[in-house]
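Text of the file target_21.tsv, holding TSV, C-alpha atoms:
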```tsv
chain	number	residue	atom	x	y	z
A	1	MET	CA	-12.24	-5.90	-13.65
A	2	ALA	CA	-13.37	-2.80	-11.84
A	3	ASN	CA	-15.76	-2.80	-8.94
A	4	GLU	CA	-15.27	-6.33	-7.92
A	5	GLN	CA	-16.37	-6.14	-4.36
A	6	GLN	CA	-14.91	-8.73	-2.13
A	7	PRO	CA	-14.75	-8.96	1.57
A	8	GLY	CA	-11.45	-7.70	2.78
A	9	LEU	CA	-8.93	-6.01	0.62
A	10	VAL	CA	-9.95	-4.37	-2.61
A	11	THR	CA	-7.18	-4.81	-5.10
A	12	SER	CA	-8.93	-5.33	-8.38
A	13	ARG	CA	-9.94	-1.73	-8.60
A	14	PRO	CA	-7.62	0.15	-10.90
A	15	PRO	CA	-6.61	3.38	-9.25
A	16	GLY	CA	-8.68	6.25	-10.45
A	17	LEU	CA	-7.24	9.33	-11.99
A	18	VAL	CA	-7.49	11.03	-8.66
A	19	ASP	CA	-5.09	8.48	-7.18
A	20	LEU	CA	-2.77	9.02	-10.11
A	21	LEU	CA	-2.89	12.77	-9.99
A	22	ASP	CA	-2.44	12.80	-6.26
A	23	ARG	CA	0.98	11.41	-6.87
A	24	ILE	CA	2.01	12.57	-10.28
A	25	LEU	CA	1.39	16.25	-10.05
A	26	ASP	CA	2.80	17.21	-6.76
A	27	LYS	CA	4.87	14.34	-5.49
A	28	GLY	CA	8.34	13.25	-6.30
A	29	LEU	CA	11.74	14.71	-5.71
A	30	VAL	CA	11.71	18.47	-6.00
A	31	ILE	CA	14.55	19.64	-8.17
A	32	VAL	CA	14.31	23.18	-9.31
A	33	GLY	CA	15.07	23.11	-13.00
A	34	ASP	CA	15.82	26.00	-15.29
A	35	ILE	CA	12.21	26.62	-16.05
A	36	LYS	CA	10.30	27.61	-13.00
A	37	VAL	CA	7.03	25.97	-12.35
A	38	SER	CA	5.48	27.46	-9.29
A	39	LEU	CA	4.65	24.79	-6.79
A	40	ALA	CA	1.67	26.76	-5.59
A	41	ASN	CA	0.35	26.61	-9.12
A	42	VAL	CA	0.88	22.91	-9.31
A	43	GLU	CA	-1.19	22.45	-6.21
A	44	LEU	CA	-3.95	24.64	-7.47
A	45	LEU	CA	-3.83	22.73	-10.68
A	46	THR	CA	-4.14	19.42	-8.91
A	47	LEU	CA	-7.29	20.73	-7.33
A	48	GLN	CA	-8.71	21.96	-10.60
A	49	ILE	CA	-8.04	18.70	-12.34
A	50	ARG	CA	-9.48	16.77	-9.43
A	51	LEU	CA	-12.66	18.78	-9.71
A	52	LEU	CA	-12.83	18.17	-13.42
A	53	ILE	CA	-12.30	14.50	-12.91
A	54	CYS	CA	-14.60	14.11	-9.95
A	55	SER	CA	-17.48	15.47	-11.95
A	56	ILE	CA	-16.83	13.01	-14.72
A	57	GLU	CA	-16.45	10.28	-12.18
A	58	LYS	CA	-19.93	10.87	-10.99
A	59	ALA	CA	-21.33	10.22	-14.39
A	60	GLU	CA	-19.06	7.35	-15.18
A	61	GLU	CA	-16.78	5.17	-13.23
A	62	ILE	CA	-13.42	6.04	-11.87
A	63	GLY	CA	-10.30	5.70	-13.88
A	64	ILE	CA	-10.46	3.62	-16.94
A	65	ASN	CA	-13.62	4.92	-18.45
A	66	TRP	CA	-12.37	8.39	-18.14
A	67	TRP	CA	-10.05	7.87	-21.05
A	68	ARG	CA	-12.95	7.72	-23.41
A	69	PHE	CA	-13.76	11.27	-22.68
A	70	ASP	CA	-10.54	12.82	-23.73
A	71	PRO	CA	-9.64	12.29	-27.34
A	72	ASN	CA	-6.09	13.22	-26.45
A	73	LEU	CA	-5.91	10.20	-24.26
A	74	THR	CA	-7.22	7.67	-26.70
A	75	VAL	CA	-4.49	5.16	-26.88
A	76	PRO	CA	-3.77	4.08	-30.40
A	77	ALA	CA	-3.91	0.40	-31.16
A	78	PRO	CA	-0.47	-1.13	-30.87
A	79	VAL	CA	0.32	-1.27	-34.52
A	80	THR	CA	-2.21	0.45	-36.65
A	81	ASP	CA	-1.15	1.67	-40.02
A	82	GLY	CA	-0.96	5.07	-38.58
A	83	GLN	CA	-4.63	5.59	-39.04
A	84	ASN	CA	-7.68	5.44	-36.95
A	85	ASP	CA	-6.63	5.41	-33.39
A	86	LYS	CA	-10.22	5.88	-32.48
A	87	ALA	CA	-10.17	2.22	-31.56
A	88	GLN	CA	-11.80	1.20	-28.39
A	89	GLU	CA	-10.39	2.03	-25.06
A	90	ARG	CA	-7.27	0.11	-24.52
A	91	LEU	CA	-4.97	0.23	-21.61
A	92	PRO	CA	-1.44	-0.85	-22.10
A	93	ALA	CA	-0.82	-4.33	-20.92
A	94	PRO	CA	0.18	-4.41	-17.29
A	95	GLU	CA	3.71	-5.25	-16.49
A	96	PRO	CA	4.18	-8.95	-17.01
A	97	GLU	CA	5.74	-9.51	-13.65
A	98	GLN	CA	3.80	-11.79	-11.38
A	99	ASP	CA	1.46	-10.56	-8.76
A	100	ARG	CA	1.23	-7.02	-9.90
A	101	LEU	CA	-1.97	-5.14	-9.58
A	102	ASP	CA	-3.32	-3.39	-12.57
A	103	VAL	CA	-2.06	0.09	-12.50
A	104	PRO	CA	-3.20	1.66	-15.67
A	105	MET	CA	-0.11	2.89	-17.37
A	106	PRO	CA	-1.53	4.90	-20.12
A	107	ALA	CA	0.89	4.74	-22.97
A	108	ALA	CA	-1.09	7.86	-23.73
A	109	ALA	CA	-1.78	9.70	-26.70
A	110	GLY	CA	0.27	9.80	-29.80
A	111	GLU	CA	-1.90	12.43	-31.33
A	112	GLU	CA	-0.65	11.89	-34.79
A	113	LYS	CA	2.03	9.27	-34.53
A	114	THR	CA	1.69	5.72	-33.46
A	115	GLY	CA	4.94	4.20	-32.36
A	116	ALA	CA	4.50	3.80	-28.66
A	117	THR	CA	7.48	1.59	-28.71
A	118	ARG	CA	10.42	2.80	-30.58
A	119	ARG	CA	13.98	2.31	-29.74
A	120	ALA	CA	15.84	5.10	-28.16
A	121	GLY	CA	18.17	6.99	-30.34
A	122	SER	CA	16.52	5.98	-33.58
B	123	MET	CA	3.65	19.00	-32.89
B	124	THR	CA	6.25	16.42	-32.07
B	125	PRO	CA	9.68	17.73	-31.22
B	126	ALA	CA	12.65	16.37	-33.05
B	127	PRO	CA	14.25	14.16	-30.45
B	128	GLY	CA	17.25	15.75	-28.94
B	129	GLY	CA	17.10	18.76	-31.17
B	130	PRO	CA	19.72	21.03	-29.65
B	131	ASP	CA	18.58	23.97	-31.70
B	132	GLY	CA	17.45	26.10	-28.83
B	133	ALA	CA	13.81	25.47	-29.66
B	134	HIS	CA	13.68	22.65	-27.15
B	135	ALA	CA	14.15	22.21	-23.47
B	136	TYR	CA	14.69	18.98	-21.56
B	137	TYR	CA	12.01	17.48	-19.43
B	138	VAL	CA	13.33	15.21	-16.67
B	139	TYR	CA	11.25	12.27	-15.42
B	140	GLY	CA	13.45	10.49	-12.98
B	141	ILE	CA	16.96	9.53	-11.93
B	142	GLY	CA	18.63	6.20	-11.37
B	143	ALA	CA	21.94	4.39	-11.50
B	144	HIS	CA	23.53	4.58	-14.93
B	145	ALA	CA	24.40	0.90	-14.85
B	146	GLU	CA	20.78	-0.02	-14.27
B	147	LEU	CA	19.09	2.47	-16.55
B	148	ALA	CA	21.33	2.31	-19.61
B	149	PRO	CA	20.29	-1.22	-20.67
B	150	LEU	CA	16.64	-0.26	-20.47
B	151	PHE	CA	17.14	2.20	-23.29
B	152	GLU	CA	17.96	-0.76	-25.52
B	153	GLY	CA	14.47	-2.15	-25.11
B	154	THR	CA	11.05	-0.89	-26.02
B	155	LEU	CA	10.02	2.27	-24.27
B	156	PRO	CA	6.79	4.13	-23.64
B	157	GLU	CA	6.11	7.43	-25.31
B	158	SER	CA	7.58	10.54	-23.82
B	159	ILE	CA	5.53	13.41	-22.50
B	160	GLU	CA	4.84	14.93	-25.90
B	161	GLY	CA	4.00	11.59	-27.47
B	162	GLY	CA	5.47	9.96	-30.53
B	163	VAL	CA	9.07	9.53	-29.44
B	164	PRO	CA	10.57	7.56	-26.58
B	165	PRO	CA	12.48	9.22	-23.75
B	166	GLU	CA	16.27	9.47	-23.85
B	167	MET	CA	19.05	9.17	-21.34
B	168	ALA	CA	21.25	11.91	-19.92
B	169	ALA	CA	24.15	10.58	-17.89
B	170	ALA	CA	26.90	11.82	-15.61
B	171	GLY	CA	29.16	9.67	-13.46
B	172	ASP	CA	27.26	6.80	-11.88
B	173	LEU	CA	23.89	8.41	-12.47
B	174	ALA	CA	21.51	8.69	-15.36
B	175	ALA	CA	18.34	10.65	-15.88
B	176	VAL	CA	15.39	9.82	-18.09
B	177	VAL	CA	14.70	12.90	-20.19
B	178	SER	CA	13.00	14.01	-23.35
B	179	ALA	CA	13.11	17.08	-25.54
B	180	VAL	CA	10.07	19.31	-25.22
B	181	PRO	CA	9.26	22.33	-27.39
B	182	LEU	CA	9.91	25.69	-25.77
B	183	ALA	CA	6.80	26.85	-27.55
B	184	ASP	CA	4.86	24.95	-24.90
B	185	TYR	CA	7.35	24.55	-22.07
B	186	GLY	CA	8.97	27.98	-22.03
B	187	GLU	CA	8.56	29.67	-18.69
B	188	ASP	CA	5.96	32.18	-19.80
B	189	VAL	CA	3.94	29.75	-21.92
B	190	LEU	CA	4.02	26.84	-19.52
B	191	GLU	CA	1.92	28.60	-16.91
B	192	VAL	CA	-0.78	29.13	-19.52
B	193	ARG	CA	-0.63	25.54	-20.75
B	194	LEU	CA	-0.72	24.17	-17.23
B	195	ALA	CA	-3.89	26.09	-16.53
B	196	ASP	CA	-5.64	23.89	-19.09
B	197	PRO	CA	-6.60	20.76	-17.17
B	198	ASP	CA	-6.90	18.63	-20.31
B	199	TRP	CA	-3.44	19.57	-21.52
B	200	THR	CA	-1.96	18.93	-18.12
B	201	ALA	CA	-3.81	15.71	-17.36
B	202	ALA	CA	-2.60	14.12	-20.59
B	203	ARG	CA	0.99	15.08	-19.82
B	204	ALA	CA	0.81	14.08	-16.21
B	205	LEU	CA	-0.28	10.63	-17.31
B	206	ARG	CA	2.56	10.28	-19.78
B	207	HIS	CA	4.94	11.41	-17.06
B	208	GLN	CA	3.54	8.55	-14.96
B	209	SER	CA	3.70	6.01	-17.76
B	210	VAL	CA	7.37	6.76	-18.40
B	211	LEU	CA	8.23	6.55	-14.70
B	212	ALA	CA	6.18	3.41	-14.19
B	213	HIS	CA	8.08	1.71	-17.00
B	214	PHE	CA	11.49	2.47	-15.54
B	215	ALA	CA	10.53	2.06	-11.90
B	216	ALA	CA	9.25	-1.46	-12.59
B	217	ARG	CA	12.72	-2.38	-13.82
B	218	ALA	CA	15.18	-0.29	-11.84
B	219	ALA	CA	15.47	1.88	-8.75
B	220	VAL	CA	14.29	5.26	-9.94
B	221	ILE	CA	13.83	8.51	-8.06
B	222	PRO	CA	10.68	9.99	-9.54
B	223	LEU	CA	10.86	13.73	-10.03
B	224	ARG	CA	8.00	16.03	-9.54
B	225	PHE	CA	5.95	16.82	-12.63
B	226	GLY	CA	7.40	19.73	-14.54
B	227	THR	CA	11.14	19.55	-13.91
B	228	ILE	CA	12.64	21.18	-16.99
B	229	TYR	CA	16.15	22.21	-18.01
B	230	GLN	CA	17.20	24.43	-20.90
B	231	GLU	CA	19.79	21.97	-22.17
B	232	ARG	CA	20.76	18.38	-21.71
B	233	ARG	CA	24.10	19.57	-20.41
B	234	ARG	CA	22.33	21.31	-17.54
B	235	VAL	CA	20.71	18.01	-16.55
B	236	GLU	CA	24.12	16.36	-16.52
B	237	GLU	CA	25.51	19.15	-14.38
B	238	MET	CA	22.71	18.69	-11.90
B	239	LEU	CA	23.46	14.96	-11.73
B	240	SER	CA	27.12	15.67	-11.03
B	241	GLU	CA	26.48	18.33	-8.45
B	242	ARG	CA	24.06	16.23	-6.47
B	243	GLN	CA	25.80	12.91	-7.06
B	244	THR	CA	26.22	11.91	-3.40
B	245	GLU	CA	22.72	12.77	-2.33
B	246	LEU	CA	21.09	11.20	-5.38
B	247	CYS	CA	23.14	8.01	-5.17
B	248	ALA	CA	22.09	7.58	-1.54
B	249	LEU	CA	18.48	8.04	-2.50
B	250	VAL	CA	18.72	5.53	-5.34
B	251	ALA	CA	20.26	3.04	-2.93
B	252	ARG	CA	17.41	3.59	-0.50
B	253	LEU	CA	14.85	2.83	-3.18
B	254	GLN	CA	16.65	-0.23	-4.52
B	255	GLY	CA	14.35	-3.24	-4.72
B	256	ARG	CA	11.44	-1.29	-3.29
B	257	GLU	CA	8.24	0.19	-4.58
B	258	GLU	CA	5.46	2.33	-3.31
B	259	TRP	CA	2.05	0.89	-2.47
B	260	GLY	CA	-0.96	2.97	-1.63
B	261	VAL	CA	-3.55	1.95	0.92
B	262	ASP	CA	-6.78	3.90	1.13
B	263	VAL	CA	-9.03	3.40	4.10
B	264	TYR	CA	-12.71	3.81	3.28
B	265	CYS	CA	-15.53	3.96	5.74
B	266	ASP	CA	-19.14	3.25	5.04
B	267	ARG	CA	-20.61	5.51	7.65
B	268	ALA	CA	-24.04	3.94	7.77
B	269	THR	CA	-22.57	0.52	8.50
B	270	LEU	CA	-20.22	1.96	11.07
B	271	MET	CA	-23.03	3.81	12.86
B	272	GLU	CA	-25.12	0.66	12.92
B	273	ASN	CA	-22.37	-1.37	14.40
B	274	ILE	CA	-20.79	1.17	16.63
B	275	ALA	CA	-23.01	0.34	19.61
B	276	ALA	CA	-21.68	-3.19	19.60
B	277	LEU	CA	-18.17	-1.84	20.01
B	278	ASN	CA	-18.90	0.28	23.03
B	279	PRO	CA	-20.68	-1.03	26.16
B	280	ARG	CA	-21.39	2.46	27.45
B	281	LEU	CA	-23.17	3.29	24.24
B	282	ARG	CA	-25.10	0.06	24.34
B	283	ALA	CA	-26.24	0.75	27.90
B	284	ALA	CA	-27.34	4.27	26.97
B	285	SER	CA	-29.34	2.95	23.98
B	286	GLU	CA	-31.11	0.42	26.17
B	287	GLN	CA	-31.89	3.08	28.70
B	288	ALA	CA	-33.35	5.33	26.02
B	289	ALA	CA	-35.50	2.51	24.70
B	290	ALA	CA	-36.94	1.85	28.13
B	291	ALA	CA	-37.50	5.48	29.13
B	292	SER	CA	-40.71	7.49	29.19
B	293	PRO	CA	-41.38	9.52	26.01
B	294	GLY	CA	-40.19	12.79	27.53
B	295	GLN	CA	-36.96	11.33	28.85
B	296	ALA	CA	-36.46	9.23	25.77
B	297	TYR	CA	-36.04	12.30	23.57
B	298	LEU	CA	-33.18	13.65	25.64
B	299	LEU	CA	-31.61	10.28	26.08
B	300	ARG	CA	-31.78	9.60	22.37
B	301	LYS	CA	-30.04	12.89	21.67
B	302	LYS	CA	-27.36	11.89	24.09
B	303	VAL	CA	-27.02	8.50	22.41
B	304	ASP	CA	-26.69	10.14	19.00
B	305	GLY	CA	-23.93	12.36	20.29
B	306	LEU	CA	-22.13	9.43	21.86
B	307	ARG	CA	-22.55	7.41	18.72
B	308	ALA	CA	-21.05	10.10	16.47
B	309	ALA	CA	-18.15	10.63	18.84
B	310	GLU	CA	-17.52	6.92	19.03
B	311	ALA	CA	-17.68	6.57	15.23
B	312	GLY	CA	-15.10	9.31	14.86
B	313	ALA	CA	-12.85	7.70	17.46
B	314	GLU	CA	-13.19	4.29	15.83
B	315	THR	CA	-12.32	5.76	12.42
B	316	ARG	CA	-9.16	7.35	13.80
B	317	ARG	CA	-8.28	4.18	15.64
B	318	VAL	CA	-8.62	2.01	12.53
B	319	ALA	CA	-6.59	4.43	10.39
B	320	ALA	CA	-3.86	4.55	13.02
B	321	GLU	CA	-3.80	0.78	13.31
B	322	VAL	CA	-3.50	0.33	9.54
B	323	GLU	CA	-0.68	2.86	9.45
B	324	ARG	CA	1.16	1.20	12.32
B	325	ALA	CA	0.66	-2.40	11.26
B	326	LEU	CA	1.53	-1.88	7.60
B	327	GLY	CA	4.31	0.48	8.58
B	328	ALA	CA	5.83	-2.45	10.45
B	329	ALA	CA	5.59	-4.59	7.31
B	330	SER	CA	7.31	-1.97	5.16
B	331	ASP	CA	10.33	0.32	5.18
B	332	ALA	CA	8.51	3.59	5.53
B	333	ALA	CA	5.02	4.97	5.77
B	334	VAL	CA	3.50	8.33	5.02
B	335	ARG	CA	0.02	9.63	5.47
B	336	LEU	CA	-1.24	11.54	2.47
B	337	ARG	CA	-3.64	14.38	2.75
B	338	VAL	CA	-7.28	13.80	2.14
B	339	LEU	CA	-8.30	17.13	0.75
B	340	ARG	CA	-11.97	16.90	1.45
B	341	GLU	CA	-14.40	14.08	1.81
B	342	GLU	CA	-13.93	12.01	-1.27
B	343	PRO	CA	-16.97	9.86	-1.56
B	344	GLY	CA	-16.12	6.66	-3.34
B	345	GLU	CA	-17.85	3.41	-4.00
B	346	TYR	CA	-16.70	2.02	-0.66
B	347	GLY	CA	-17.75	5.00	1.39
B	348	GLU	CA	-15.80	8.08	2.29
B	349	VAL	CA	-12.03	8.11	2.27
B	350	VAL	CA	-10.89	8.45	5.85
B	351	ALA	CA	-7.17	8.00	5.31
B	352	LYS	CA	-4.74	7.67	2.45
B	353	LEU	CA	-1.47	6.02	3.22
B	354	ALA	CA	1.60	5.20	1.20
B	355	PHE	CA	4.22	2.61	2.05
B	356	LEU	CA	7.64	1.86	0.70
B	357	VAL	CA	7.72	-1.90	0.39
B	358	GLU	CA	10.60	-4.17	-0.42
B	359	ARG	CA	9.64	-6.42	-3.34
B	360	ALA	CA	10.78	-9.46	-1.42
B	361	ARG	CA	8.48	-8.56	1.46
B	362	PHE	CA	5.44	-7.68	-0.58
B	363	ASP	CA	3.62	-10.94	0.05
B	364	ARG	CA	3.84	-10.34	3.75
B	365	PHE	CA	2.74	-6.75	3.36
B	366	ARG	CA	-0.24	-7.82	1.34
B	367	ALA	CA	-1.20	-10.55	3.79
B	368	ALA	CA	-1.07	-7.98	6.60
B	369	ALA	CA	-3.34	-5.67	4.62
B	370	GLU	CA	-5.76	-8.49	3.96
B	371	GLY	CA	-5.84	-9.37	7.65
B	372	LEU	CA	-6.61	-5.77	8.61
B	373	ALA	CA	-9.28	-5.50	5.96
B	374	ARG	CA	-10.99	-8.65	7.20
B	375	GLU	CA	-10.79	-7.53	10.78
B	376	HIS	CA	-12.54	-4.23	10.16
B	377	ALA	CA	-14.91	-5.14	7.36
B	378	ALA	CA	-17.89	-5.78	9.63
B	379	SER	CA	-17.77	-2.29	11.11
B	380	GLY	CA	-17.89	-0.72	7.65
B	381	PHE	CA	-14.25	-0.28	6.72
B	382	THR	CA	-12.72	-1.23	3.38
B	383	LEU	CA	-9.07	-1.09	2.47
B	384	GLY	CA	-8.05	-0.38	-1.10
B	385	LEU	CA	-4.58	-1.33	-2.27
B	386	THR	CA	-3.04	0.42	-5.28
B	387	GLY	CA	0.32	-0.04	-6.85
B	388	PRO	CA	3.04	-0.62	-7.43
B	389	TRP	CA	3.83	3.04	-7.89
B	390	PRO	CA	7.12	4.74	-8.54
B	391	ALA	CA	8.25	5.93	-5.12
B	392	TYR	CA	6.65	9.36	-5.48
B	393	ASN	CA	6.11	9.75	-1.78
B	394	PHE	CA	9.56	8.55	-0.76
B	395	ALA	CA	11.66	10.58	-3.13
B	396	ALA	CA	12.77	13.27	-0.76
B	397	GLY	CA	16.24	12.68	0.64
B	398	GLU	CA	17.53	13.90	3.96
B	399	ASN	CA	18.96	17.02	2.42
B	400	THR	CA	16.38	17.75	-0.19
B	401	GLU	CA	14.13	20.70	-0.09
B	402	ALA	CA	10.72	19.75	1.09
B	403	PRO	CA	8.06	21.04	-1.27
B	404	GLU	CA	6.90	23.65	1.23
B	405	GLU	CA	10.28	25.26	1.48
B	406	THR	CA	10.75	25.92	-2.17
B	407	PRO	CA	9.57	29.28	-3.38
```
Go ahead and express the file in the form of structure tokens.
Amino acid sequence: MANEQQPGLVTSRPPGLVDLLDRILDKGLVIVGDIKVSLANVELLTLQIRLLICSIEKAEEIGINWWRFDPNLTVPAPVTDGQNDKAQERLPAPEPEQDRLDVPMPAAAGEEKTGATRRAGS
Amino acid sequence: MTPAPGGPDGAHAYYVYGIGAHAELAPLFEGTLPESIEGGVPPEMAAAGDLAAVVSAVPLADYGEDVLEVRLADPDWTAARALRHQSVLAHFAARAAVIPLRFGTIYQERRRVEEMLSERQTELCALVARLQGREEWGVDVYCDRATLMENIAALNPRLRAASEQAAAASPGQAYLLRKKVDGLRAAEAGAETRRVAAEVERALGAASDAAVRLRVLREEPGEYGEVVAKLAFLVERARFDRFRAAAEGLAREHAASGFTLGLTGPWPAYNFAAGENTEAPEETP
């Protein structure tokens, strides 16, 4: 679905990691918790990760393909028998609501567990 | 290493993803949930009064103050966690009004999270109300410079006249005139870029509740040219169709001169999470 060039508005492009990180790392309500994370560090970090990602982007395409490169981010198949999450790249299904663009919502990495969907409190 | 969920044994701290109304968030914990930041287990709820926070236990071995700095310096470690942070927030924000917290908000105990909710009740409730029924959409403005430079003369009569003059001039004059044209052309391209970005911001700002311009750290070459502006808008779900139509109209209007608009979202309201009385990021030590 990536790279579908159409005149006008580009919506089919999933946001790249840079778009994600732009928001995730240093946006959001600032509440100073008990454990101090220096904001200056977070900004520096955003830059470092951007650099890392930009270089990969050059070789591959933005966003989705990036997952392949980080074994930690390989999303396990929905219900494997707890083995072999090497599977192929799989992004969690987009929210079923109508007219939503595909934001990749990486259900990310259970390194050793599967169970992306367990009930709270179990 | 997966932490025992909720283990109050002192070996865990509590990572906070976001805050919403208790009445809205509580039912969501009955359904399926994404993995929490350390993987394996779903997030939990911490509640106080009318508010609830989405939290999960994280091992102090990684999230303790001294260790965390070291872990964070590893881009792989951090990128994986940042993405899980996003996936948790995206899940809740698609279903309820949620104030997304900045990555890395951590409390020693669940009780401390509840205290924070109580202490900031008024401010947080107002913020939740502001985000109700709304989500963030990103609009990136790209410019293909070659196309813009080619078409820029058509946009500016003065430039067109100067080009014609240069074409008709004697070789000696032509050199100087061409230099002048190049200068004019670059200046005009810059002005046009700023004008388009400002128009997108104004027009889509009118179709949404709020607009912010995000920083573009350096030229970010992308497949549609360089990024000339990154904007974020807080859009009411009920008005999204109109917002999108406005974006499409702008994109069509400026496509011929080399501009492309990219729409991303919906996002949790990361860029609209600061209340009136909240510390802006710059002011926090």
Which residues of range 211-309 of chain B come within 12 Å of range 175-192 of chain B, and what is each one's closest atom pair and distance in Å (one decimal), counting all atoms listed in the file, sorted by chain and residue number, as a Markdown table?
```
| residue | atom | partner | partner_atom | distance |
| --- | --- | --- | --- | --- |
| B:Leu211 | CA | B:Val176 | CA | 8.6 |
| B:Ala212 | CA | B:Val176 | CA | 11.9 |
| B:His213 | CA | B:Val176 | CA | 11.0 |
| B:Phe214 | CA | B:Val176 | CA | 8.7 |
| B:Ala215 | CA | B:Val176 | CA | 11.1 |
| B:Ala218 | CA | B:Val176 | CA | 11.9 |
| B:Ala219 | CA | B:Ala175 | CA | 11.7 |
| B:Val220 | CA | B:Ala175 | CA | 9.0 |
| B:Ile221 | CA | B:Ala175 | CA | 9.3 |
| B:Pro222 | CA | B:Val176 | CA | 9.8 |
| B:Leu223 | CA | B:Ala175 | CA | 10.0 |
| B:Gly226 | CA | B:Tyr185 | CA | 8.9 |
| B:Thr227 | CA | B:Val177 | CA | 9.8 |
| B:Ile228 | CA | B:Tyr185 | CA | 8.1 |
| B:Tyr229 | CA | B:Ala179 | CA | 9.6 |
| B:Gln230 | CA | B:Leu182 | CA | 8.9 |
| B:Glu231 | CA | B:Ala179 | CA | 8.9 |
| B:Arg232 | CA | B:Val177 | CA | 8.3 |
| B:Arg233 | CA | B:Val177 | CA | 11.5 |
| B:Arg234 | CA | B:Ala175 | CA | 11.5 |
| B:Val235 | CA | B:Ala175 | CA | 7.8 |
| B:Glu236 | CA | B:Ala175 | CA | 8.1 |
| B:Glu237 | CA | B:Ala175 | CA | 11.2 |
| B:Met238 | CA | B:Ala175 | CA | 10.0 |
| B:Leu239 | CA | B:Ala175 | CA | 7.9 |
| B:Ser240 | CA | B:Ala175 | CA | 11.2 |
| B:Gln243 | CA | B:Ala175 | CA | 11.8 |
| B:Leu246 | CA | B:Ala175 | CA | 10.9 |
| B:Val250 | CA | B:Ala175 | CA | 11.7 |
```
Take the selection from the previous step and output its residues with C-alpha atoms, as a CSV table (one decimal), in the frame of the given file.
```
chain,number,residue,atom,x,y,z
B,211,LEU,CA,8.2,6.6,-14.7
B,212,ALA,CA,6.2,3.4,-14.2
B,213,HIS,CA,8.1,1.7,-17.0
B,214,PHE,CA,11.5,2.5,-15.5
B,215,ALA,CA,10.5,2.1,-11.9
B,218,ALA,CA,15.2,-0.3,-11.8
B,219,ALA,CA,15.5,1.9,-8.8
B,220,VAL,CA,14.3,5.3,-9.9
B,221,ILE,CA,13.8,8.5,-8.1
B,222,PRO,CA,10.7,10.0,-9.5
B,223,LEU,CA,10.9,13.7,-10.0
B,226,GLY,CA,7.4,19.7,-14.5
B,227,THR,CA,11.1,19.6,-13.9
B,228,ILE,CA,12.6,21.2,-17.0
B,229,TYR,CA,16.2,22.2,-18.0
B,230,GLN,CA,17.2,24.4,-20.9
B,231,GLU,CA,19.8,22.0,-22.2
B,232,ARG,CA,20.8,18.4,-21.7
B,233,ARG,CA,24.1,19.6,-20.4
B,234,ARG,CA,22.3,21.3,-17.5
B,235,VAL,CA,20.7,18.0,-16.6
B,236,GLU,CA,24.1,16.4,-16.5
B,237,GLU,CA,25.5,19.2,-14.4
B,238,MET,CA,22.7,18.7,-11.9
B,239,LEU,CA,23.5,15.0,-11.7
B,240,SER,CA,27.1,15.7,-11.0
B,243,GLN,CA,25.8,12.9,-7.1
B,246,LEU,CA,21.1,11.2,-5.4
B,250,VAL,CA,18.7,5.5,-5.3
```
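Across the model, the gap from CA of Ala325 in chain B to CA of Leu281 in chain B is 27.7 Å.
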Inset, instruction - Grab the CA of Tyr392 in chain B to CA of Gly28 in chain A distance for me, in Å with one decimal place. - result: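 Here the two named atoms are 4.3 Å from each other.
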Inset, instruction - Can you work out which one of B:Arg374, B:Arg242, B:Arg324, B:Arg280 has the shortest atom-to-atom distance to Leu306 in chain B, counting all atoms listed in the file? - result: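 Looking at the shortest contact to Leu306 in chain B, the residue is B:Arg280.
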Inset, instruction - Between CA of Ala333 in chain B and CA of Ala320 in chain B, measure the distance and give it in Å to one decimal. - result: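 Atom-to-atom, CA of Ala333 in chain B and CA of Ala320 in chain B are spaced 11.5 Å apart.
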Legend entry - From B:Asn273, B:Ser379, B:Ser330, B:Thr200, residue lying nearest chain A [all atoms listed in the file]: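 Closest to chain A, using all atoms listed in the file: B:Thr200.
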